[in-house]
$ cat structure.txt   # compact mmCIF, C-alpha atoms
# COMPACT_ATOMS: atom_id res chain seq x y z
CA MET T 1 0.00 0.00 0.00
CA THR T 2 1.41 3.44 -1.02
CA ASP T 3 2.00 6.38 1.28
CA THR T 4 -0.87 8.26 -0.48
CA ALA T 5 -3.22 5.37 0.23
CA ASN T 6 -2.08 5.33 3.86
CA GLU T 7 -2.80 9.04 4.16
CA SER T 8 -6.27 8.50 2.70
CA VAL T 9 -7.06 5.78 5.20
CA HIS T 10 -5.80 7.93 8.07
CA GLU T 11 -8.07 10.76 6.90
CA VAL T 12 -11.08 8.43 6.81
CA ILE T 13 -10.34 7.15 10.31
CA ALA T 14 -9.92 10.73 11.57
CA SER T 15 -13.29 11.68 10.12
CA LEU T 16 -14.95 8.75 11.91
CA ASN T 17 -13.37 9.38 15.32
CA PRO T 18 -15.95 11.92 16.56
CA TYR T 19 -18.72 9.39 15.97
CA ILE T 20 -16.78 6.50 17.47
CA GLU T 21 -15.94 8.53 20.59
CA GLY T 22 -19.55 9.69 20.98
CA ASN T 23 -18.80 13.37 20.52
CA GLN T 24 -21.12 13.57 17.56
CA SER T 25 -24.35 11.71 16.93
CA ILE T 26 -24.07 8.89 14.40
CA THR T 27 -27.32 10.06 12.88
CA LYS T 28 -25.52 13.08 11.48
CA LEU T 29 -23.43 10.76 9.27
CA ASP T 30 -25.16 9.25 6.28
CA LEU T 31 -25.29 5.42 6.70
CA THR T 32 -24.14 4.78 3.14
CA GLU T 33 -21.21 7.13 3.61
CA ALA T 34 -20.30 5.44 6.91
CA VAL T 35 -20.30 1.97 5.35
CA GLN T 36 -18.17 3.18 2.45
CA LYS T 37 -15.66 4.74 4.80
CA LEU T 38 -15.44 1.63 6.95
CA ALA T 39 -15.01 -0.52 3.82
CA THR T 40 -12.12 1.70 2.76
CA VAL T 41 -10.36 1.12 6.08
CA LEU T 42 -11.02 -2.63 5.95
CA ASP T 43 -9.77 -2.97 2.38
CA ALA T 44 -6.57 -1.16 3.28
CA HIS T 45 -5.57 -3.41 6.19
CA ILE T 46 -2.46 -5.52 5.77
CA GLY T 47 -3.14 -8.86 4.12
CA SER T 48 -6.54 -7.88 2.71
CA GLY T 49 -7.93 -8.92 -0.66
CA VAL T 50 -7.42 -12.37 -2.16
CA ASN T 51 -4.53 -13.05 0.23
CA ALA T 52 -6.42 -12.11 3.40
CA HIS T 53 -5.14 -14.13 6.36
CA THR T 54 -2.91 -16.35 4.26
CA PRO T 55 -0.71 -18.43 6.64
CA VAL T 56 2.87 -17.24 6.88
CA SER T 57 5.46 -19.49 5.24
CA ARG T 58 9.15 -19.49 4.47
CA TYR T 59 8.54 -17.60 1.25
CA GLN T 60 5.68 -15.19 2.05
CA ALA T 61 4.38 -12.97 4.82
CA GLY T 62 1.06 -13.87 6.35
CA PHE T 63 -0.84 -14.65 9.51
CA MET T 64 -0.18 -17.19 12.26
CA THR T 65 -2.29 -20.35 12.29
CA ARG T 66 -3.05 -22.50 15.34
CA ASP T 67 -0.34 -24.99 14.31
CA LEU T 68 2.21 -22.20 13.99
CA TRP T 69 1.22 -20.89 17.41
CA LEU T 70 1.78 -24.37 18.87
CA LYS T 71 5.30 -24.37 17.42
CA PHE T 72 6.07 -21.09 19.19
CA TYR T 73 4.51 -22.64 22.30
CA GLU T 74 7.04 -25.50 21.99
CA ILE T 75 9.96 -23.10 21.51
CA ALA T 76 9.00 -21.57 24.86
CA GLY T 77 9.53 -25.00 26.45
CA LYS T 78 5.92 -26.21 26.39
CA ARG T 79 5.08 -29.63 24.94
CA THR T 80 2.13 -30.68 22.80
CA TYR T 81 0.13 -33.66 24.09
CA ASN T 82 -0.66 -36.07 21.27
CA GLY T 83 -2.44 -38.83 23.15
CA SER T 84 -1.85 -42.57 23.04
CA GLY T 85 -0.72 -44.87 20.26
CA GLN T 86 0.84 -42.36 17.87
CA ASP T 87 3.45 -43.65 15.41
CA ILE T 88 6.60 -42.01 16.71
CA MET T 89 8.32 -42.30 13.32
CA ALA T 90 5.55 -40.29 11.62
CA LEU T 91 5.72 -37.27 13.96
CA GLU T 92 6.54 -33.88 12.49
CA PRO T 93 9.48 -31.98 14.05
CA GLY T 94 8.49 -30.70 17.48
CA LYS T 95 8.25 -31.38 21.20
CA TYR T 96 5.56 -33.78 22.40
CA TYR T 97 4.41 -35.91 25.30
CA GLY T 98 2.13 -38.94 25.35
CA LEU T 99 2.15 -42.68 25.96
CA LYS T 100 2.26 -46.04 24.21
CA TYR T 101 3.91 -44.65 21.07
CA LYS T 102 4.15 -47.16 18.24
CA ASN T 103 7.66 -47.98 16.93
CA GLY T 104 9.19 -46.41 20.05
CA PRO T 105 11.75 -47.88 22.49
CA LEU T 106 9.32 -49.03 25.21
CA ALA T 107 7.44 -52.31 25.42
CA ALA T 108 3.90 -52.35 24.02
CA ASP T 109 2.38 -52.76 27.50
CA ASP T 110 4.44 -49.95 29.07
CA ASP T 111 1.97 -47.14 29.76
CA ALA T 112 4.47 -44.64 31.18
CA ILE T 113 4.21 -41.05 29.99
CA VAL T 114 7.21 -40.10 27.85
CA THR T 115 8.53 -36.89 26.33
CA VAL T 116 9.53 -36.93 22.67
CA ASP T 117 11.80 -34.52 20.77
CA VAL T 118 11.87 -34.77 16.97
CA SER T 119 14.32 -32.78 14.87
CA GLU T 120 14.74 -33.00 11.11
CA ILE T 121 17.49 -32.29 8.63
CA GLU T 122 15.68 -31.70 5.36
CA GLY T 123 16.54 -34.32 2.79
CA MET T 124 18.75 -36.25 5.23
CA GLY T 125 16.54 -37.65 7.99
CA LYS T 126 15.42 -37.26 11.59
CA GLN T 127 16.79 -37.52 15.10
CA ILE T 128 14.38 -38.60 17.83
CA SER T 129 14.96 -38.65 21.58
CA VAL T 130 12.60 -40.18 24.15
CA ILE T 131 12.70 -39.75 27.94
CA LYS T 132 10.57 -41.93 30.20
CA SER T 133 9.14 -39.35 32.58
CA TYR T 134 8.85 -41.57 35.65
CA THR T 135 12.43 -42.93 35.67
CA GLY T 136 14.40 -40.56 33.43
CA GLN T 137 15.50 -43.43 31.16
CA THR T 138 16.65 -41.91 27.87
CA TYR T 139 16.63 -43.35 24.35
CA PHE T 140 17.81 -42.08 20.97
CA TYR T 141 17.14 -42.98 17.35
CA THR T 142 18.74 -41.69 14.14
CA GLU T 143 16.91 -41.99 10.85
CA HIS T 144 19.57 -41.02 8.36
CA THR T 145 19.82 -41.33 4.59
CA ASN T 146 22.88 -40.60 2.47
CA GLY T 147 24.44 -41.85 -0.74
CA ALA T 148 25.43 -45.12 0.91
CA GLY T 149 21.89 -45.90 2.07
CA THR T 150 19.68 -45.55 5.12
CA ASN T 151 21.51 -45.64 8.48
CA TYR T 152 24.69 -46.85 6.78
CA ASN T 153 26.77 -46.05 9.86
CA ALA T 154 24.17 -45.17 12.49
CA PRO T 155 22.41 -47.94 14.47
CA SER T 156 19.07 -48.93 12.94
CA VAL T 157 17.52 -49.57 16.36
CA TRP T 158 16.76 -47.51 19.45
CA THR T 159 19.81 -47.05 21.67
CA ALA T 160 19.69 -46.42 25.41
CA ILE T 161 21.74 -43.51 26.76
CA PRO T 162 23.19 -44.29 30.22
CA ARG T 163 22.93 -41.54 32.81
CA LEU T 164 25.57 -41.61 35.53
CA ALA T 165 25.27 -40.17 39.03
CA THR T 166 28.17 -40.08 41.49
CA LEU T 167 26.59 -41.31 44.74
CA TRP T 168 29.70 -41.41 46.88
CA GLU T 169 33.42 -40.65 46.51
CA GLY T 170 36.31 -41.02 48.94
CA SER T 171 38.39 -43.91 50.29
CA MET T 172 37.34 -46.71 52.63
CA THR T 173 38.94 -50.03 53.51
CA THR T 174 38.14 -50.89 57.12
CA VAL T 175 35.30 -53.31 57.93
CA GLY T 176 32.59 -51.49 59.87
CA THR T 177 33.05 -48.19 58.05
CA ASN T 178 29.69 -46.49 57.49
CA PHE T 179 28.89 -44.18 54.59
CA THR T 180 25.93 -42.20 53.21
CA LEU T 181 25.09 -41.99 49.51
CA ALA T 182 23.79 -38.89 47.73
CA ASP T 183 20.67 -40.79 46.65
CA LYS T 184 18.83 -44.07 47.22
CA ILE T 185 20.07 -47.01 45.14
CA GLY T 186 16.55 -48.20 44.26
CA LYS T 187 16.36 -45.47 41.60
CA TYR T 188 19.24 -46.98 39.60
CA THR T 189 19.45 -50.03 37.34
CA ARG T 190 23.16 -50.68 37.97
CA LEU T 191 25.92 -49.60 40.34
CA ILE T 192 29.55 -49.10 39.35
CA PHE T 193 32.15 -49.49 42.13
CA THR T 194 35.65 -48.13 41.62
CA ILE T 195 38.12 -50.28 43.61
CA ASN T 196 41.79 -49.41 44.16
CA THR T 197 44.19 -52.33 44.82
CA ASN T 198 47.40 -52.27 46.83
CA ASN T 199 49.64 -51.38 43.87
CA GLY T 200 47.51 -48.44 42.75
CA ALA T 201 45.62 -50.22 39.97
CA VAL T 202 42.03 -49.00 39.61
CA TYR T 203 39.16 -51.21 38.45
CA ASP T 204 35.50 -50.43 37.77
CA VAL T 205 33.20 -53.29 38.78
CA THR T 206 29.55 -53.17 37.70
CA THR T 207 26.75 -55.01 39.47
CA PRO T 208 22.93 -54.76 39.22
CA ALA T 209 21.20 -52.80 41.98
CA VAL T 210 19.20 -55.77 43.29
CA GLY T 211 18.96 -56.50 47.01
CA ASN T 212 21.21 -54.82 49.56
CA THR T 213 24.47 -56.86 49.51
CA PHE T 214 27.14 -56.14 46.91
CA LYS T 215 30.22 -58.34 46.52
CA ILE T 216 33.01 -56.62 44.60
CA ASN T 217 35.86 -58.79 43.24
CA THR T 218 38.91 -57.99 41.20
CA VAL T 219 42.19 -59.74 40.37
CA GLN T 220 45.65 -58.19 40.22
CA HIS T 221 48.52 -60.09 38.56
CA GLN T 222 52.01 -60.04 40.07
CA ASN T 223 54.65 -58.07 38.19
CA SER T 224 57.84 -59.76 39.41
CA HIS T 225 56.79 -63.43 39.32
CA LEU T 226 53.95 -65.75 38.36
CA GLY T 227 51.01 -65.19 40.65
CA MET T 228 48.09 -62.98 41.45
CA ASN T 229 46.13 -61.39 44.25
CA ASN T 230 42.38 -61.78 44.55
CA PHE T 231 40.56 -58.90 46.27
CA GLU T 232 37.04 -59.09 47.65
CA VAL T 233 35.05 -56.31 49.30
CA THR T 234 31.45 -56.71 50.43
CA LEU T 235 29.18 -53.74 51.06
CA ARG T 236 25.69 -53.63 52.52
CA ILE T 237 23.56 -50.76 51.26
CA ASP T 238 20.01 -49.98 52.39
CA GLY T 239 18.49 -47.02 50.59
CA ASP T 240 21.18 -44.37 50.87
CA SER T 241 23.04 -45.82 53.89
CA GLY T 242 25.85 -48.38 53.68
CA SER T 243 28.70 -50.07 55.48
CA VAL T 244 31.76 -52.21 54.70
CA THR T 245 31.00 -55.75 55.92
CA LYS T 246 33.99 -57.66 54.48
CA ASN T 247 37.41 -56.90 53.00
CA VAL T 248 39.87 -59.73 52.28
CA SER T 249 42.74 -60.50 49.93
CA ASP T 250 44.28 -63.86 48.91
CA ALA T 251 47.65 -64.35 47.21
CA TYR T 252 48.36 -67.08 44.65
CA ASN T 253 52.08 -67.42 43.95
CA GLU T 254 54.25 -69.79 41.90
CA GLY T 255 55.52 -72.69 43.98
CA THR T 256 52.88 -72.49 46.70
CA ALA T 257 50.30 -75.19 47.26
CA GLY T 258 47.34 -72.82 47.35
CA PRO T 259 46.19 -69.34 48.24
CA VAL T 260 47.52 -67.62 51.31
CA VAL T 261 45.88 -64.78 53.20
CA ALA T 262 47.40 -61.48 52.13
CA SER T 263 47.59 -58.34 54.22
CA ASN T 264 47.02 -55.99 51.28
CA LEU T 265 43.43 -54.78 51.14
CA ALA T 266 41.56 -52.96 48.41
CA SER T 267 39.96 -49.57 48.89
CA ILE T 268 36.57 -48.46 47.58
CA ARG T 269 37.02 -45.06 45.91
CA LYS T 270 33.71 -44.29 44.16
CA ILE T 271 30.13 -45.53 43.86
CA VAL T 272 28.20 -44.50 40.74
CA GLY T 273 24.51 -45.10 40.00
CA VAL T 274 23.44 -45.86 36.42
CA VAL T 275 20.03 -45.16 34.92
CA GLN T 276 19.58 -47.11 31.68

$ encode --input "structure.txt" --output "structure tokens"
Amino acid sequence: MTDTANESVHEVIASLNPYIEGNQSITKLDLTEAVQKLATVLDAHIGSGVNAHTPVSRYQAGFMTRDLWLKFYEIAGKRTYNGSGQDIMALEPGKYYGLKYKNGPLAADDDAIVTVDVSEIEGMGKQISVIKSYTGQTYFYTEHTNGAGTNYNAPSVWTAIPRLATLWEGSMTTVGTNFTLADKIGKYTRLIFTINTNNGAVYDVTTPAVGNTFKINTVQHQNSHLGMNNFEVTLRIDGDSGSVTKNVSDAYNEGTAGPVVASNLASIRKIVGVVQ
């Protein structure tokens, strides 16, 4: 719209103001003239005519639709609920939450609410992440196409992303030592214990978080002769409280009939919880 047209519209609006504000009776303005003036203002508004309220796109200006508003809603950190049973592979790029998604990482009978993030690289594929709301378990899928084919290098299945939490860190050897974890072990699928042997070697030993007794074993080979030391530490953990209940070491050396009790004891240095 030209500047002259803008001026004309402004003049029309100015002439209508006294009637709109009630300073002058509407009866003094001819009805036909009033309608014509209002039509002039309406016709001049941005986006009028054959393109009135055309949705905005990458290539043209326009007006925001409900779907576009939802995308801005997602950018602000809000998620769109899309119910139960949606095909996760058919979702458009966006942020969602729902349950029992088809072709997702969870079992068909798992009715946990999950959050879903879908991003797309045009002409190349999608990346989809899923977080199980109740436990925080995280999964990832890449749908990628290039000249070599679909998912030529990327896994063609859902992959679980381990989340690690340091629950305790320090050094303890003596039986009877008590310790407190930063969180309760029941929230974690596995525990990783870092054990330090008498010669400074460090080993990570993984065990499922089932029950409350954890036996940690590692073997250290002798450097100067044939033989090895076997270390065993047992911990009891209830919730977020634990204690050392056993710590022993046996030595197996060349020329001896069997293992002998060794005085070297291992030290627990770190306890890590794994969500996977």

$ closest_residue --input "structure.txt" --among "T:Val272, T:Lys132, T:Ala154, T:Lys184" --to "Lys100 (chain T)" --atoms "all atoms listed in the file"
T:Lys132

$ residues_around --input "structure.txt" --residues "region 197-207 of chain T" --least-positions-apart "2" --cutoff "12 Å" --atoms "all atoms listed in the file" --output "PyMOL selection string"
chain T and resi 171-173+185+188-195+209-223+228-233+235+247-249+262-274

$ write_last_selection --input "structure.txt" --atoms "C-alpha atoms" --output "mmCIF file, keeping the file's coordinate frame"
data_model
loop_
_atom_site.group_PDB
_atom_site.id
_atom_site.type_symbol
_atom_site.label_atom_id
_atom_site.label_comp_id
_atom_site.auth_asym_id
_atom_site.auth_seq_id
_atom_site.Cartn_x
_atom_site.Cartn_y
_atom_site.Cartn_z
ATOM 1 C CA SER T 171 38.390 -43.910 50.290
ATOM 2 C CA MET T 172 37.340 -46.710 52.630
ATOM 3 C CA THR T 173 38.940 -50.030 53.510
ATOM 4 C CA ILE T 185 20.070 -47.010 45.140
ATOM 5 C CA TYR T 188 19.240 -46.980 39.600
ATOM 6 C CA THR T 189 19.450 -50.030 37.340
ATOM 7 C CA ARG T 190 23.160 -50.680 37.970
ATOM 8 C CA LEU T 191 25.920 -49.600 40.340
ATOM 9 C CA ILE T 192 29.550 -49.100 39.350
ATOM 10 C CA PHE T 193 32.150 -49.490 42.130
ATOM 11 C CA THR T 194 35.650 -48.130 41.620
ATOM 12 C CA ILE T 195 38.120 -50.280 43.610
ATOM 13 C CA ALA T 209 21.200 -52.800 41.980
ATOM 14 C CA VAL T 210 19.200 -55.770 43.290
ATOM 15 C CA GLY T 211 18.960 -56.500 47.010
ATOM 16 C CA ASN T 212 21.210 -54.820 49.560
ATOM 17 C CA THR T 213 24.470 -56.860 49.510
ATOM 18 C CA PHE T 214 27.140 -56.140 46.910
ATOM 19 C CA LYS T 215 30.220 -58.340 46.520
ATOM 20 C CA ILE T 216 33.010 -56.620 44.600
ATOM 21 C CA ASN T 217 35.860 -58.790 43.240
ATOM 22 C CA THR T 218 38.910 -57.990 41.200
ATOM 23 C CA VAL T 219 42.190 -59.740 40.370
ATOM 24 C CA GLN T 220 45.650 -58.190 40.220
ATOM 25 C CA HIS T 221 48.520 -60.090 38.560
ATOM 26 C CA GLN T 222 52.010 -60.040 40.070
ATOM 27 C CA ASN T 223 54.650 -58.070 38.190
ATOM 28 C CA MET T 228 48.090 -62.980 41.450
ATOM 29 C CA ASN T 229 46.130 -61.390 44.250
ATOM 30 C CA ASN T 230 42.380 -61.780 44.550
ATOM 31 C CA PHE T 231 40.560 -58.900 46.270
ATOM 32 C CA GLU T 232 37.040 -59.090 47.650
ATOM 33 C CA VAL T 233 35.050 -56.310 49.300
ATOM 34 C CA LEU T 235 29.180 -53.740 51.060
ATOM 35 C CA ASN T 247 37.410 -56.900 53.000
ATOM 36 C CA VAL T 248 39.870 -59.730 52.280
ATOM 37 C CA SER T 249 42.740 -60.500 49.930
ATOM 38 C CA ALA T 262 47.400 -61.480 52.130
ATOM 39 C CA SER T 263 47.590 -58.340 54.220
ATOM 40 C CA ASN T 264 47.020 -55.990 51.280
ATOM 41 C CA LEU T 265 43.430 -54.780 51.140
ATOM 42 C CA ALA T 266 41.560 -52.960 48.410
ATOM 43 C CA SER T 267 39.960 -49.570 48.890
ATOM 44 C CA ILE T 268 36.570 -48.460 47.580
ATOM 45 C CA ARG T 269 37.020 -45.060 45.910
ATOM 46 C CA LYS T 270 33.710 -44.290 44.160
ATOM 47 C CA ILE T 271 30.130 -45.530 43.860
ATOM 48 C CA VAL T 272 28.200 -44.500 40.740
ATOM 49 C CA GLY T 273 24.510 -45.100 40.000
ATOM 50 C CA VAL T 274 23.440 -45.860 36.420
#

$ closest_residue --input "structure.txt" --among "T:Lys126, T:Thr177, T:Gln276, T:Ala182" --to "Arg236 (chain T)" --atoms "only C-alpha atoms"
T:Thr177

$ residues_around --input "structure.txt" --residues "Leu91 (chain T)" --least-positions-apart "5" --cutoff "12 Å" --atoms "all atoms listed in the file" --output "list in words"
Thr80, Asn82, Gly85, Gln86, Tyr96, Tyr97, Tyr101, Lys102, Asn103, Gly104, Val116, Asp117, Val118, Ser119, Glu120, Lys126, Gln127 and Ile128 of chain T

$ atom_distance --input "structure.txt" --atom1 "CA of Tyr73 (chain T)" --atom2 "CA of Ala160 (chain T)"
28.4 Å

$ atom_distance --input "structure.txt" --atom1 "CA of Glu92 (chain T)" --atom2 "CA of Arg163 (chain T)"
27.2 Å

$ atom_distance --input "structure.txt" --atom1 "CA of Leu181 (chain T)" --atom2 "CA of Ala165 (chain T)"
10.6 Å
